[in-house]
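First up is the structure itself, then whatever we jot down about it.
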Amino acid sequence: MANTAALEGINGLRDIRRSPASHLTAALETGSVQGTVVLKEGPFQTMAGVRVDPRSEQGSRIAAVAGGLPARCGEVSGTDSVSVLWLAPSEFLVVAPEEAHDSLGGDLIGSLTAALGDAPGQVVDLSANRTTFELSGPRARAVLEKGCALDLHPRSFTPGTALTTEVGNIPVILLKTGDESFRLFPRASFADFLGRWLLDAMREYASPEVP
Amino acid sequence: MLLISCPNCGSRDETEFHYGGQAHVPYPENPNDMNDREWAEFLFYRDNTKGTFAERWLHSTGCRQWFNMLRDTVTYDIQAVYPMGTPRPDVSVPAAAESGTASTAADSTTTGSAAPSTSATSISATSTASSTTAPEGATK
């Protein structure tokens with residue numbers, strides 16, 4: 001993962017941390033078809049689950065820290081480095097680079113917790129809950145459509161949109177980062193299955209197209 | 001496959017939802033005053049309506065919020081989606097006119113023909129489900 005040498009972490013334990021799909025790294029590399037569809041596991045990220053009423057006073061305090069709270073399904077708000085994904089009317093997922101975690105010198109979790117204070121709601125460190133798959137390429141949408149019932153056409157699923165749904169029967173958060181790139185957040189225990197499922201779905205694009 | 005309109009997320013597949021049983025079953029005001037039979041009836045006895053039925057659903061792989069739904073148990077036609085805690089909406093008049101009387105009348109007289117007629121009507125009910133209830137605030 002990126003910058004592992006620079007990050008010491010809690011008592012040096014950062015160096016022995018393994019991502020949930022790290023054992024698939026080689027398989028993801030050989031299974032990817034450059035220029036067609038590429039799958040890789042993303043770097044560790046800091047994630048915080050936030051439950052707060054966005055219309056309340058504590059909601060606006062948290063919005064000030066996180067860079068705004070999304071108002072409806074699919075919306076993503078936040079700043080350059082921090083994105084806030086809509087999960088439910090009063091439930092959000094704050095995603096930031098790994099360096100933002102308090103144990104690595106950042107202050108994201110702490111500042112969110114401080115913003116909530118004693119008010120009703122919760123801020124939970126979920127950094128190890130989900131891993132990230134990055135799927136990109138002209139055929140990325142076709143791969144996802146094999147196992148996702150949502151309308152993924154660009155006219156309804158635009159870049160900068162995140163939806164909670166199922167891909168290959170696995171509950172994931174599906175974030176569209178660009179015209180042809182997606183980010184999938186499966187829970188850690190599903191990472192192995194979903195990684196292999198996506199590799200299987202990508203396999204046909206490695207063969208020459210049959211006219 | 002039903003296409004269910006979640007009030008928060010818009011139309012999603014039935015597989016993303018979980019069924020929550022009959023809606024509008026109030027918790028007894030004084031459970032200690034009830035005898036065993038009344039308590040058992042509150043816990044376990046539910047209507048088995050043929051026709052429009054108010055039921056609870058949970059969007060378990062989406063927004064994880066509960067909502068109520070009026071669904072026809074014969075045609076699977078979803079007639080209304082409304083929030084928890086609100087009274088059952090009265091949509092019986094337009095629904096009866098819309099779904100027609102032929103299929104329900106035939107089902108009520110003979111149970112033997114129920115299976116083929118429900119499978120035939122469920123296809124049309126699924127295709128109209130998305131148009132009957134358009135949730136506000138759905139970006140999808």
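Each chain of the structure tokens is named A, B, ... in the order shown, its residues numbered from 1; ligands are numbered from 1 in display order.
Once B:Glu55 and its same-chain neighbours fewer than 6 positions away are set aside, Gly20, Gly21, Gln22, Ala23, Asn68, Met69 and Leu70 of chain B remain within 7 Å of it when counting only C-alpha atoms.
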So which bits of stretch 9-88 of chain B end up strand (DSSP E or B) when you DSSP the backbone, as a compact mmCIF listing (two decimals) with C-alpha atoms, in the first residue's frame?
# COMPACT_ATOMS: atom_id res chain seq x y z
CA GLY B 10 -36.26 5.08 -5.24
CA SER B 11 -37.09 1.90 -7.12
CA ARG B 12 -35.03 -1.10 -6.13
CA ASP B 13 -35.25 -4.84 -6.56
CA HIS B 18 -37.08 -7.67 3.92
CA TYR B 19 -40.71 -8.30 4.71
CA GLY B 20 -41.92 -7.17 8.10
CA GLY B 21 -45.39 -8.64 8.31
CA GLN B 22 -48.69 -6.95 8.88
CA THR B 52 -55.16 -5.19 -0.50
CA PHE B 53 -52.97 -5.71 2.55
CA ALA B 54 -51.02 -3.18 4.63
CA GLU B 55 -47.57 -4.52 5.47
CA ARG B 56 -44.20 -3.38 6.73
CA TRP B 57 -41.01 -3.55 4.68
CA LEU B 58 -37.38 -2.87 5.48
CA TRP B 66 -38.75 0.79 7.62
CA PHE B 67 -41.80 1.84 5.66
CA ASN B 68 -45.36 0.70 5.09
CA MET B 69 -46.77 -0.54 1.86
CA LEU B 70 -50.23 -1.32 0.56
CA ARG B 71 -49.95 -4.38 -1.65
CA ASP B 72 -52.50 -6.54 -3.33
CA ILE B 78 -48.23 -2.03 -5.04
CA GLN B 79 -50.86 0.59 -4.39
CA ALA B 80 -49.18 2.91 -1.90
CA VAL B 81 -45.92 3.41 -0.04
CA TYR B 82 -46.17 5.52 3.10
Subject >> At most 9 Å to chain B: residues in chain A, only C-alpha atoms, as an MDAnalysis selection string >> reply: chainID A and resid 72:75 86:89 91 149:151 156:157 163:166 169 171:172
Keeping C-alpha atoms for every residue in the selection just given, could you write it to a file as a CSV table (one decimal), in the first residue's frame?
chain,number,residue,atom,x,y,z
A,72,ARG,CA,-30.6,12.7,-0.4
A,73,CYS,CA,-29.8,9.3,-1.7
A,74,GLY,CA,-26.8,9.2,-4.0
A,75,GLU,CA,-25.4,12.5,-3.0
A,86,TRP,CA,-25.3,9.3,2.1
A,87,LEU,CA,-26.4,6.0,3.6
A,88,ALA,CA,-29.8,6.9,5.1
A,89,PRO,CA,-31.6,10.1,6.0
A,91,GLU,CA,-26.7,8.0,8.5
A,149,ALA,CA,-29.8,-4.4,-10.8
A,150,LEU,CA,-29.4,-0.6,-10.6
A,151,ASP,CA,-29.5,1.5,-13.7
A,156,SER,CA,-29.0,8.2,-14.3
A,157,PHE,CA,-25.8,7.3,-12.5
A,163,LEU,CA,-25.5,4.2,-3.9
A,164,THR,CA,-25.9,1.4,-1.4
A,165,THR,CA,-26.8,-1.7,-3.3
A,166,GLU,CA,-25.8,-5.3,-4.1
A,169,ASN,CA,-25.4,-10.5,-4.2
A,171,PRO,CA,-24.0,-5.5,-0.2
A,172,VAL,CA,-21.7,-2.8,-1.3
Original post:
Leaving out stretch 18-20 of chain A and any residue of its chain fewer than 3 positions from it, which residues lie within 7 Å of it when counting only C-alpha atoms, given as a list in words?
Top reply: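 Listing them by chain and then by number gives Thr131, Ala188 and Ala191 of chain A.
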Using only C-alpha atoms, please write the residues we just selected to a file, as an mmCIF file, in the first residue's frame.
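The new file part-v6.cif reads:
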data_model
loop_
_atom_site.group_PDB
_atom_site.id
_atom_site.type_symbol
_atom_site.label_atom_id
_atom_site.label_comp_id
_atom_site.auth_asym_id
_atom_site.auth_seq_id
_atom_site.Cartn_x
_atom_site.Cartn_y
_atom_site.Cartn_z
ATOM 1 C CA THR A 131 -12.125 -2.332 1.843
ATOM 2 C CA ALA A 188 -13.959 -6.874 4.731
ATOM 3 C CA ALA A 191 -13.731 -8.837 -0.102
#
Original post:
When you draw a straight line from atom CA of A:Arg141 to atom CA of A:Gln34, how long is it in Å?
Top reply: 15.2 Å
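Rounded to one decimal, atom CA of A:Ala162 and atom CA of A:Arg183 lie 9.0 Å from each other.
Between atom CA of A:Gly78 and atom CA of A:Asp118 the separation is 23.4 Å.
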Subject >> Spatial neighbours of stretch 143-148 of chain A, 7 Å, only C-alpha atoms, chain gap at least 4 places, as a VMD selection string >> reply: chain A and resid 139 166 to 168 201 to 202
For the residues in that selection, give me C-alpha atoms as a PDB file, in the first residue's frame.
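Output file again32.pdb follows:
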ATOM      1  CA  ARG A 139     -16.018  -2.171 -19.828  1.00  0.00           C
ATOM      2  CA  GLU A 166     -25.849  -5.259  -4.130  1.00  0.00           C
ATOM      3  CA  VAL A 167     -23.170  -6.360  -6.586  1.00  0.00           C
ATOM      4  CA  GLY A 168     -22.977 -10.089  -7.109  1.00  0.00           C
ATOM      5  CA  ALA A 201     -16.999 -11.276 -14.611  1.00  0.00           C
ATOM      6  CA  MET A 202     -13.991  -9.599 -16.243  1.00  0.00           C
TER       7      MET A 202
END
Original post:
Which residue out of A:Arg61, A:Arg55, A:Lys40, A:His153 has the minimum interatomic distance to A:Gly195 when only C-alpha atoms are used?
Top reply: A:Lys40
**OP:** For A:Ala64, work out the shell of residues within 12 Å, counting only C-alpha atoms and skipping chain neighbours fewer than 4 positions away, then give it as a PyMOL selection string.
**Re:** chain A and resi 54+57-60+68-69+77-79+82+84+111-112+114-116
Original post:
Within 12 Å of A:Asp80, counting only C-alpha atoms, which residues qualify if same-chain residues fewer than 3 places away don't, as an MDAnalysis selection string?
Top reply: chainID A and resid 66:68 76:77 83:84 95:97
Subject >> Contacts of stretch 128-130 of chain A within 7 Å, only C-alpha atoms, excl. fewer than 4 positions in-chain, as an MDAnalysis selection string >> reply: chainID A and resid 185:188
